[in-house]
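Scroll down for the structure; my scribbles are underneath it.
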Number of protein chains: 4
Amino acid sequence: MARARLRHLGIDIGTLPPGPHNAITDVAGVRVGFSTLIADVPHVVRTGVTAIWPRTDDPWTDAACAGAFSFNGNGEMTGLAWIAEQGLLAAPIAITNTFSVGTARDAICALAVRQQAPVPWLLPVAAETFDGWLSESETFPVTTDLVLAALEAATDGPVAEGNIGGGTGMICHEFKGGTGTASRVARVDGAAWTVGALVQANYGSRELLRVDGVPVGQSIGRDTVPSPRPRPAEAGSIIVVLATDAPLLPIQCQRLARRATAGLARVGGIGHNSSGDIFLAFATGNHVRQGEAISTLRMLAPEAMSSLFLAATEATEEAILNALTAAETMVGRQGRTAHAIPLDLLAQAMRGRPG
Amino acid sequence: MARARLRHLGIDIGTLPPGPHNAITDVAGVRVGFSTLIADVPHVVRTGVTAIWPRTDDPWTDAACAGAFSFNGNGEMTGLAWIAEQGLLAAPIAITNTFSVGTARDAICALAVRQQAPVPWLLPVAAETFDGWLSESETFPVTTDLVLAALEAATDGPVAEGNIGGGTGMICHEFKGGTGTASRVARVDGAAWTVGALVQANYGSRELLRVDGVPVGQSIGRDTVPSPRPRPAEAGSIIVVLATDAPLLPIQCQRLARRATAGLARVGGIGHNSSGDIFLAFATGNHVRQGEAISTLRMLAPEAMSSLFLAATEATEEAILNALTAAETMVGRQGRTAHAIPLDLLAQAMRGRPG
Amino acid sequence: MARARLRHLGIDIGTLPPGPHNAITDVAGVRVGFSTLIADVPHVVRTGVTAIWPRTDDPWTDAACAGAFSFNGNGEMTGLAWIAEQGLLAAPIAITNTFSVGTARDAICALAVRQQAPVPWLLPVAAETFDGWLSESETFPVTTDLVLAALEAATDGPVAEGNIGGGTGMICHEFKGGTGTASRVARVDGAAWTVGALVQANYGSRELLRVDGVPVGQSIGRDTVPSPRPRPAEAGSIIVVLATDAPLLPIQCQRLARRATAGLARVGGIGHNSSGDIFLAFATGNHVRQGEAISTLRMLAPEAMSSLFLAATEATEEAILNALTAAETMVGRQGRTAHAIPLDLLAQAMRGRPG
Amino acid sequence: MARARLRHLGIDIGTLPPGPHNAITDVAGVRVGFSTLIADVPHVVRTGVTAIWPRTDDPWTDAACAGAFSFNGNGEMTGLAWIAEQGLLAAPIAITNTFSVGTARDAICALAVRQQAPVPWLLPVAAETFDGWLSESETFPVTTDLVLAALEAATDGPVAEGNIGGGTGMICHEFKGGTGTASRVARVDGAAWTVGALVQANYGSRELLRVDGVPVGQSIGRDTVPSPRPRPAEAGSIIVVLATDAPLLPIQCQRLARRATAGLARVGGIGHNSSGDIFLAFATGNHVRQGEAISTLRMLAPEAMSSLFLAATEATEEAILNALTAAETMVGRQGRTAHAIPLDLLAQAMRGRPG
């Protein structure tokens, strides 16, 4: 059975409509790129890099507003001291594996140098989840060039999912995990704001997996589809990047980022001890341009945030599920196999759901 | 149909077993007390105070470890600067309505004076949710004596739920809300740790309410059971207090507190803008006694925290649902009615659930 | 020798010029009021309330931006969860003694009710420092009316200092402390922004006191001027409120609040364990008006913040010193005496300073 | 005149005695290593790496407690999400230049792999300050091998200062900056605890520089010793690493880290906008060993923390000044010169100080 997005399986979740691509790229100007490295010699490698550009025009000098939240900090996202301080993001983001997040981070600096970005220094955001169960990540296969390739490959439009980019070697709820995306459109006071999510999903235990509230993970037990053990079942992490075109202040982006928690919890995440559940939200609706003595920003009314919170929750939830339904079974180091969630069994489990 | 706890309705949720009372008092030494004020003259008042004592012996001088988390800070919990700084809790906690949280806070100081607690000053924890839709809270009906009554009434054993104490005038997911409690026992490395939750539930929109994943709030729509409007549907807040007998450090209590978010999200909370979703966790398994030059603490291994996280998630989830199923329909100011969730309709909605 | 402000003693500190009143009220619209309670029967009481209104027009519905920082959280400032969440302040602030901060907090709600502020509820900021060494604060002498009196007495123009309002019973660096204020004007890119500070100074050890770098506290030792012992020498706290007319976002107010630390450290504060060193900054240059779907805010360029940081540092430093030089020797409970810093000895100590 | 440590110039500051080396290595088990890269071809490079090992025995599996604080987050310190979550540190720390902090971070992972550390992954701490004014850092001269060299060179005993390791190309208060260290011994309740500081000092404006309160920066103006302009005078950052042998909990390490702010402020730091002022504190007095179901920790009484706070403040202050007095004038890219602070002028400026 071919892999598919959740909605293509007839499983619509949430209450708000998705954007045209049901992807983070539904936020105008946001671009996503991947580089994927799958090799068996000299090392068994299943890894890659995912790149997200917040803005197409003047990406190094026209900052978006941004905020972050760490639900469980057993992970790395660089650049967070700066995001917490200034709430500004004027550089692309990279997501890769745990051992290479530094390489990814410095590579963004290298790109800024190469592109002659008019900034003296840079404090870029790079994040990670661990792919060492499938991939010999301790051989440090991610190079600066691989990161640059992802950064340079970024486009708008539909976004590939599953075993791609930084999500290549991931495991989620003891099924094959990976990259996923989704979006929602929130209508407030006559305006329509898009919230998009992109996740690198590598967390969770089987028994807690829920799809639209249905305990699918209990239906498709480890006897039916083996868990990739002896890896500690719930080890791993999830990175969530939220984008919106709404005019949010930095402090409001922090609020939005925190809502990825609700989306994660709906699917069954509880922030296991070993999980690096770190979320970043950026808002392109405001512009803080280099050199302006005073920038003018718009601030969405606090009351209107509730709709965006719901959008962020639903987009995160669906992005994780898209990662699961898109990812394909993968064989990695030492012949280890991470099985994709069987879509027929998923459909079967969902049939009984109320509503 | 008589009100009941969720489990008495045959709805068992979660994967871990509850403690003997399925209440926060399953954590040894924890006591809960209430004072409730329901009056129609001279003002229509539906309010009260809930008190929680972390420890029975030496409560003013033998500190428990503690940590807090604000998922959405449109609320008040006093004492948090001190909890963030020292991570210690050596005083009872009070929860009441928004306009009276200061009175509740100072009353704890007054009790310390009265009991000649050997401390020069105190920075107690008092929290609130807003009951002004049912109660004329702007008449400031909560007095120091009412707070002291709750503090002095505290006992161990079963805990009353629904329209009692601080939860008296609450509304939750557009049904009558209130006070709820639950507990879970987590077994790790041969040890059994109890995590208990007590909530004052006053948040949420109807359509997002889920019980064990089932979209009950959509089944029991506003045409079936009216929403207490014109109140903004989702206005309100939730206070969650988590207790555990596990030997946690302050920083681990912060982690535990953060997990109330997952329990809340399972029921349908997304941290609406107007919601003060503030969570406190304390751990009685360690003792920091006044006057000790060096205290000896035990620290549960990081890996073992995952089980406690699941316990905190499930206990919070069930405590909220207990508040809903225990609360009775209430008529308040201006004849406004907050309808309890009909237990027959709930049972009916749950019948179809898979698993 | 009559008490005086630092500058009147010929001691000019810092590099930036003060505003016309050298007070927090140099920020247009900011008003300060006091109520002071000094009595010997039935209890020896040395206490009071300080009130600060951020804005004169539409104070309940036209929010200023705000942010806070706790350098050492052994203190209370209510309302901080909300400030952290929304970064908005649309209510007056009160500062009083430790046991009465709840009363002060609820009294602000009471004033909102009385003034028919069009808000359903309120999460006001009230802060405290401990005056129990001089005052029988355990008798809870601060009433709602005393708080309302301070709130209603607020005016612009010069601000009284020393033994007044919430600062009445304070001790600072083992001299008599109290209320102090100062301001600075920062010029950036052709614009002039005012930063004002108001402190309630009740912290610090004698030996660490410095005035413009000069170790005055070592010059005026405990043998010359007795310390108010056996009170633990450094017990106490400091509340700093910073105001500015600069157009800052909430996140920038957080940054500004953090700089009170530098001003405090210059005088000799290190955030002793027992000290509640909590700082609030608000910026009136932006307006977030109730009911606006989208507000328009201006944001000062990040680079321009450095000048404001210096202004906040210097204003805090001088406000503390003004509290010291303005406060008069006070005799309190049990005949205890808190001696004012002798201005002649201060002048003598400063004579040798370089520069 | 040969460069020297501050104390060797006869300038003793603070009230507590230093340890035997007056260095971070006075904390038993702490080791420091450097690798320095000074080259003119093919690129003008003035950079390096500083490594700090918290513990000599079982460094990968016997965690110290740790906590961090960002006074101004215009900088990078990786690993902080994990430190905030778990408060544990079981790996060496690296400090280098801004563009290479990722390389330094990943190199610590590489060392763990090479040494077969029994951990599946690692979230190491690497920090940075910017040396691009003197060094062509945009050529990315720091390699994994250079980082490993610093890590492997670490020793206990005296620590080199000034133009060495990560501090090689630094500028501080518009003089040549660099690496500095100092320590203090705090006696509490009959016990002696050592607090050591190591700084990479690259921040500050000339006019704000103070040595023991004396405005030395104003005495030695830019006409006497040119400032390294047109670099924005105050651009830069400071990383402070504090170590102690006291038995602190993670939350207490956070408190200690925050005190570096007071030390920095005493010298004249105000957290300029462009400054990444990020501080880490670790405590070796507690051990959290991998595989323990429950670890036993000791916790220093809260009241005893004040002495450690003073020690942290003084050690930070003196470490910065040691960086200044040890650093030698350096010529870098484009013939730019960063002048060392002239020790004779410093001595002259200090002569007038009171006390």
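Lettering and numbering for the structure tokens are positional, with chains as A, B, ... in the shown order, residues counted from 1 in each chain, and ligands counted from 1 in the shown order.
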
Using DSSP on the backbone coordinates, identify all residues within segment 7-116 of chain A classified as alpha helix (DSSP H); present the result as JSON, numbers by chain.
{"A": [80, 81, 82, 83, 84, 85, 86, 101, 102, 103, 104, 105, 106, 107, 108, 109, 110, 111, 112, 113, 114]}

File of the preceding selection, N, CA and C atoms, as a PDB file, in the first residue's frame:
```pdb
ATOM      1  N   LEU A  80      18.734  29.843  20.767  1.00  0.00           N
ATOM      2  CA  LEU A  80      17.587  30.167  21.620  1.00  0.00           C
ATOM      3  C   LEU A  80      17.848  31.297  22.604  1.00  0.00           C
ATOM      4  N   ALA A  81      19.095  31.497  23.001  1.00  0.00           N
ATOM      5  CA  ALA A  81      19.367  32.638  23.887  1.00  0.00           C
ATOM      6  C   ALA A  81      19.046  33.941  23.158  1.00  0.00           C
ATOM      7  N   TRP A  82      19.362  33.948  21.907  1.00  0.00           N
ATOM      8  CA  TRP A  82      19.112  35.155  21.108  1.00  0.00           C
ATOM      9  C   TRP A  82      17.616  35.342  20.834  1.00  0.00           C
ATOM     10  N   ILE A  83      16.947  34.243  20.533  1.00  0.00           N
ATOM     11  CA  ILE A  83      15.499  34.309  20.297  1.00  0.00           C
ATOM     12  C   ILE A  83      14.794  34.780  21.571  1.00  0.00           C
ATOM     13  N   ALA A  84      15.242  34.295  22.720  1.00  0.00           N
ATOM     14  CA  ALA A  84      14.622  34.710  23.983  1.00  0.00           C
ATOM     15  C   ALA A  84      14.887  36.181  24.271  1.00  0.00           C
ATOM     16  N   GLU A  85      16.027  36.660  23.828  1.00  0.00           N
ATOM     17  CA  GLU A  85      16.427  38.036  24.122  1.00  0.00           C
ATOM     18  C   GLU A  85      15.765  39.042  23.193  1.00  0.00           C
ATOM     19  N   GLN A  86      15.855  38.768  21.898  1.00  0.00           N
ATOM     20  CA  GLN A  86      15.409  39.748  20.917  1.00  0.00           C
ATOM     21  C   GLN A  86      14.088  39.368  20.274  1.00  0.00           C
ATOM     22  N   VAL A 101      24.415  18.785  14.837  1.00  0.00           N
ATOM     23  CA  VAL A 101      23.684  20.050  14.911  1.00  0.00           C
ATOM     24  C   VAL A 101      24.651  21.232  14.912  1.00  0.00           C
ATOM     25  N   GLY A 102      25.835  21.023  15.417  1.00  0.00           N
ATOM     26  CA  GLY A 102      26.826  22.090  15.375  1.00  0.00           C
ATOM     27  C   GLY A 102      27.278  22.394  13.962  1.00  0.00           C
ATOM     28  N   THR A 103      27.504  21.349  13.207  1.00  0.00           N
ATOM     29  CA  THR A 103      27.864  21.525  11.800  1.00  0.00           C
ATOM     30  C   THR A 103      26.777  22.277  11.054  1.00  0.00           C
ATOM     31  N   ALA A 104      25.547  21.908  11.324  1.00  0.00           N
ATOM     32  CA  ALA A 104      24.421  22.584  10.661  1.00  0.00           C
ATOM     33  C   ALA A 104      24.379  24.057  11.048  1.00  0.00           C
ATOM     34  N   ARG A 105      24.631  24.310  12.310  1.00  0.00           N
ATOM     35  CA  ARG A 105      24.585  25.674  12.820  1.00  0.00           C
ATOM     36  C   ARG A 105      25.679  26.534  12.177  1.00  0.00           C
ATOM     37  N   ASP A 106      26.901  26.028  12.175  1.00  0.00           N
ATOM     38  CA  ASP A 106      27.998  26.800  11.586  1.00  0.00           C
ATOM     39  C   ASP A 106      27.809  26.956  10.074  1.00  0.00           C
ATOM     40  N   ALA A 107      27.197  25.966   9.447  1.00  0.00           N
ATOM     41  CA  ALA A 107      26.992  26.046   7.991  1.00  0.00           C
ATOM     42  C   ALA A 107      26.083  27.209   7.620  1.00  0.00           C
ATOM     43  N   ILE A 108      25.144  27.512   8.494  1.00  0.00           N
ATOM     44  CA  ILE A 108      24.289  28.674   8.218  1.00  0.00           C
ATOM     45  C   ILE A 108      25.130  29.944   8.261  1.00  0.00           C
ATOM     46  N   CYS A 109      26.063  30.006   9.191  1.00  0.00           N
ATOM     47  CA  CYS A 109      27.017  31.133   9.195  1.00  0.00           C
ATOM     48  C   CYS A 109      27.805  31.160   7.885  1.00  0.00           C
ATOM     49  N   ALA A 110      28.247  29.993   7.457  1.00  0.00           N
ATOM     50  CA  ALA A 110      29.040  29.925   6.226  1.00  0.00           C
ATOM     51  C   ALA A 110      28.232  30.414   5.029  1.00  0.00           C
ATOM     52  N   LEU A 111      26.962  30.085   5.007  1.00  0.00           N
ATOM     53  CA  LEU A 111      26.123  30.555   3.900  1.00  0.00           C
ATOM     54  C   LEU A 111      25.978  32.076   3.940  1.00  0.00           C
ATOM     55  N   ALA A 112      25.825  32.608   5.148  1.00  0.00           N
ATOM     56  CA  ALA A 112      25.732  34.061   5.276  1.00  0.00           C
ATOM     57  C   ALA A 112      26.995  34.731   4.753  1.00  0.00           C
ATOM     58  N   VAL A 113      28.142  34.150   5.064  1.00  0.00           N
ATOM     59  CA  VAL A 113      29.406  34.687   4.540  1.00  0.00           C
ATOM     60  C   VAL A 113      29.424  34.606   3.021  1.00  0.00           C
ATOM     61  N   ARG A 114      29.066  33.448   2.526  1.00  0.00           N
ATOM     62  CA  ARG A 114      29.080  33.212   1.085  1.00  0.00           C
ATOM     63  C   ARG A 114      28.127  34.165   0.357  1.00  0.00           C
TER      64      ARG A 114
END
```

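In this structure, the chain C residues at most 9 Å away from chain A are Ala84, Glu85, Gln86, Gly87, Val188, Asp189, Pro247, Leu249, Pro250, Ile251, Gln252, Gln254, Arg255, Val288, Gln290, Gly291, Glu292, Ala293, Ile294, Ser295, Thr296, Leu297, Arg298, Met299, Leu300, Ala301, Pro302, Glu303 and Ala304 of chain C, with only C-alpha atoms considered.
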
Find the spatial neighbours of Pro17 of chain A, counting only C-alpha atoms, within a cut-off of 9 Å - ignore same-chain residues fewer than 5 positions away - and output them as a PDB file with N, CA, C and O atoms, in the first residue's frame.
```
ATOM      1  N   ASN A  22      -1.547  22.308   2.705  1.00  0.00           N
ATOM      2  CA  ASN A  22      -1.558  21.691   4.039  1.00  0.00           C
ATOM      3  C   ASN A  22      -0.115  21.513   4.519  1.00  0.00           C
ATOM      4  O   ASN A  22       0.294  20.431   4.958  1.00  0.00           O
ATOM      5  N   SER A 183      -0.993  22.489   7.904  1.00  0.00           N
ATOM      6  CA  SER A 183      -1.311  23.892   8.168  1.00  0.00           C
ATOM      7  C   SER A 183      -2.783  24.054   8.508  1.00  0.00           C
ATOM      8  O   SER A 183      -3.588  23.137   8.302  1.00  0.00           O
ATOM      9  N   ARG A 184      -3.100  25.196   9.054  1.00  0.00           N
ATOM     10  CA  ARG A 184      -4.478  25.559   9.366  1.00  0.00           C
ATOM     11  C   ARG A 184      -4.686  27.035   9.051  1.00  0.00           C
ATOM     12  O   ARG A 184      -3.747  27.835   9.174  1.00  0.00           O
ATOM     13  N   VAL A 185      -5.909  27.357   8.674  1.00  0.00           N
ATOM     14  CA  VAL A 185      -6.274  28.754   8.459  1.00  0.00           C
ATOM     15  C   VAL A 185      -7.253  29.164   9.551  1.00  0.00           C
ATOM     16  O   VAL A 185      -8.304  28.533   9.718  1.00  0.00           O
ATOM     17  N   ALA A 186      -6.887  30.182  10.287  1.00  0.00           N
ATOM     18  CA  ALA A 186      -7.747  30.681  11.369  1.00  0.00           C
ATOM     19  C   ALA A 186      -8.365  32.008  10.938  1.00  0.00           C
ATOM     20  O   ALA A 186      -7.649  32.914  10.497  1.00  0.00           O
ATOM     21  N   ALA A 311      -5.156  26.646  15.840  1.00  0.00           N
ATOM     22  CA  ALA A 311      -4.509  26.329  14.563  1.00  0.00           C
ATOM     23  C   ALA A 311      -3.150  25.676  14.776  1.00  0.00           C
ATOM     24  O   ALA A 311      -2.796  24.688  14.112  1.00  0.00           O
TER      25      ALA A 311
END
```

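For the pair atom CA of Ser135 of chain B and atom CA of Ala160 of chain B, the interatomic distance is 20.6 Å.
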
Pick out each residue of segment 93-125 of chain B that DSSP on the backbone tags as strand (DSSP E); I need them as number ranges by chain.
B: 93-97, 125

Store the residues picked out above, limited to N, CA, C and O atoms, as a PDB file, in the first residue's frame.
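Listing of part_6.pdb after writing:
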```
ATOM      1  N   ILE B  93      -1.353  25.670  50.670  1.00  0.00           N
ATOM      2  CA  ILE B  93      -1.734  26.334  49.422  1.00  0.00           C
ATOM      3  C   ILE B  93      -3.226  26.639  49.485  1.00  0.00           C
ATOM      4  O   ILE B  93      -3.992  25.844  50.024  1.00  0.00           O
ATOM      5  N   ALA B  94      -3.626  27.764  48.924  1.00  0.00           N
ATOM      6  CA  ALA B  94      -5.056  28.066  48.850  1.00  0.00           C
ATOM      7  C   ALA B  94      -5.443  28.396  47.416  1.00  0.00           C
ATOM      8  O   ALA B  94      -4.656  28.992  46.678  1.00  0.00           O
ATOM      9  N   ILE B  95      -6.647  27.977  47.044  1.00  0.00           N
ATOM     10  CA  ILE B  95      -7.181  28.316  45.715  1.00  0.00           C
ATOM     11  C   ILE B  95      -8.571  28.896  45.908  1.00  0.00           C
ATOM     12  O   ILE B  95      -9.394  28.330  46.630  1.00  0.00           O
ATOM     13  N   THR B  96      -8.820  30.010  45.259  1.00  0.00           N
ATOM     14  CA  THR B  96     -10.104  30.684  45.421  1.00  0.00           C
ATOM     15  C   THR B  96     -10.459  31.426  44.143  1.00  0.00           C
ATOM     16  O   THR B  96      -9.962  31.067  43.073  1.00  0.00           O
ATOM     17  N   ASN B  97     -11.292  32.473  44.259  1.00  0.00           N
ATOM     18  CA  ASN B  97     -11.657  33.223  43.039  1.00  0.00           C
ATOM     19  C   ASN B  97     -10.684  34.369  42.796  1.00  0.00           C
ATOM     20  O   ASN B  97      -9.901  34.757  43.677  1.00  0.00           O
ATOM     21  N   VAL B 125       1.698  30.304  48.531  1.00  0.00           N
ATOM     22  CA  VAL B 125       1.096  30.065  47.217  1.00  0.00           C
ATOM     23  C   VAL B 125      -0.419  30.145  47.338  1.00  0.00           C
ATOM     24  O   VAL B 125      -1.036  29.381  48.071  1.00  0.00           O
TER      25      VAL B 125
END
```

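Of note, atom CA of Thr36 of chain D and atom CA of Gly271 of chain D are spaced 27.2 Å apart.
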
Env of Ala182 of chain D: 12 Å cut, atoms = only C-alpha atoms, seq-sep filter 2 positions within chain, self excluded. Answer as an NGL selection string.
:D and (5-7 or 12-14 or 16-27 or 158-161 or 179-180 or 184-185 or 194-199 or 240-243 or 263 or 311-323)

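Atom CA of Met330 of chain C sits 26.6 Å away from atom CA of Glu152 of chain C.
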
Which residues are near Thr224 of chain C? Cut-off 12 Å, only C-alpha atoms, ignore same chain within fewer than 5 positions. Put them as a PyMOL selection string.
chain C and resi 175+206+217-219+339+341-342+345

Selection file, N, CA and C atoms, as a tab-separated table (two decimals), in the first residue's frame:
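And here's selection.tsv as it stands now:
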```tsv
chain	number	residue	atom	x	y	z
C	175	PHE	N	21.64	50.59	57.05
C	175	PHE	CA	21.19	51.93	57.41
C	175	PHE	C	19.68	51.97	57.23
C	206	ARG	N	26.24	46.02	55.20
C	206	ARG	CA	26.97	47.29	55.34
C	206	ARG	C	28.26	47.31	54.52
C	217	GLY	N	30.43	51.92	52.77
C	217	GLY	CA	29.98	51.04	53.85
C	217	GLY	C	31.12	50.55	54.71
C	218	GLN	N	32.31	50.46	54.12
C	218	GLN	CA	33.47	50.08	54.92
C	218	GLN	C	34.00	51.26	55.73
C	219	SER	N	33.83	52.48	55.16
C	219	SER	CA	34.26	53.68	55.89
C	219	SER	C	33.38	53.92	57.11
C	339	HIS	N	19.40	53.45	62.03
C	339	HIS	CA	20.05	54.74	61.86
C	339	HIS	C	20.16	55.12	60.39
C	341	ILE	N	21.99	56.90	57.28
C	341	ILE	CA	23.40	57.09	56.97
C	341	ILE	C	23.75	58.56	57.25
C	342	PRO	N	24.76	58.81	58.06
C	342	PRO	CA	25.12	60.21	58.39
C	342	PRO	C	25.68	60.92	57.16
C	345	LEU	N	29.36	62.01	57.30
C	345	LEU	CA	30.32	60.92	57.12
C	345	LEU	C	30.33	60.46	55.66
```
